[in-house]
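Chemist: Below you'll find the structure I mean.
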Amino acid sequence: PLPGVPSHIFGLINLRGQILVVVDLKIFFNLPVSGFGEFNKVIILKKGNVEFGILSDVVLGTSRINEDDILNTPITVKGIGEKYIRGVTRDHLIILNAETLMSADDLKKGDNRN
């Protein structure tokens, strides 16, 4: 843990000489945390001069999703998640709005429980 940072800041990594913050979205979205394991991965998000990593339990692959296949966010999603979820697929995959997440002031704050 890093002292003096919000609890959802997992730590720092050195990526090719650049120090990046790693965010644990489970803590950010107030989801159950399973702990850190040997299979965890970091996914790098970058937009303009903003770049950071998000912690992932596992990466199963990538897939292309058509815009028409993204359904509206369920009305049961409230609070902090409502702002950052783009929608869901018919296969129940949650699609995050990476652009909104990248510009989120909430990531810099310590209390994200809206």
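Identifiers for the structure tokens are assigned positionally: chains receive A, B, ... in sequence, residues are indexed from 1 per chain, and ligands are indexed from 1 in the order shown.
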Can you tell me which residues surround Lys46 of chain A at a distance of at most 10 Å, considering only C-alpha atoms, apart from same-chain residues fewer than 4 positions away, and format the answer as a list in words?
Modeler: Val50, Glu51, Phe52, Gly53, Ala98, Glu99 and Met102 of chain A
Chemist: Kindly give the distance, in Å, that separates atom CA of Leu60 of chain A and atom CA of Gly35 of chain A, rounded to a single decimal.
Modeler: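 Answer for the atom CA of Leu60 of chain A to atom CA of Gly35 of chain A separation: 18.5 Å.
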Chemist: Report the distance between atom CA of Ile95 of chain A and atom CA of Gln18 of chain A in Å, rounded to one decimal place.
Modeler: 27.8 Å
Chemist: Residues within 7 Å of Ile85 of chain A, please, as a ChimeraX atom specification. Count only C-alpha atoms; anything in the same chain fewer than 2 positions from it doesn't count.
Modeler: /A:73,81-83,87,95-97
Chemist: Taking the DSSP assignment computed from this structure's backbone, write out as a list in words all residues of segment 15-99 of chain A that belong to helix (DSSP H, G or I).
Modeler: Leu25, Lys26, Ile27, Phe28, Glu67, Asp68, Asp69, Ile80, Gly81, Glu82, Lys83, Tyr84, Ala98 and Glu99 of chain A
Chemist: Can you pull out every residue from segment 2-112 of chain A that DSSP, working from the backbone, puts in strand (DSSP E), and format the result as a VMD selection string?
Modeler: chain A and resid 9 to 15 18 to 23 41 to 47 50 to 56 85 to 88 94 to 96
Chemist: Please report the interatomic distance between atom CA of Gly48 of chain A and atom CA of Pro1 of chain A in Å with one decimal.
Modeler: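 It comes out at 27.5 Å.
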Chemist: Contacts of Arg64 of chain A at 12 Å or less, counting only C-alpha atoms, minus same-chain residues fewer than 5 places along, as a list of chain:residue names?
Modeler: A:Asp69, A:Ile70, A:Thr89, A:Ile95
Chemist: Near Ile43 of chain A, counting only C-alpha atoms, which residues have an atom at most 9 Å away, once you skip same-chain residues fewer than 5 positions from it, shown as a PyMOL selection string?
Modeler: chain A and resi 22+52-56+59
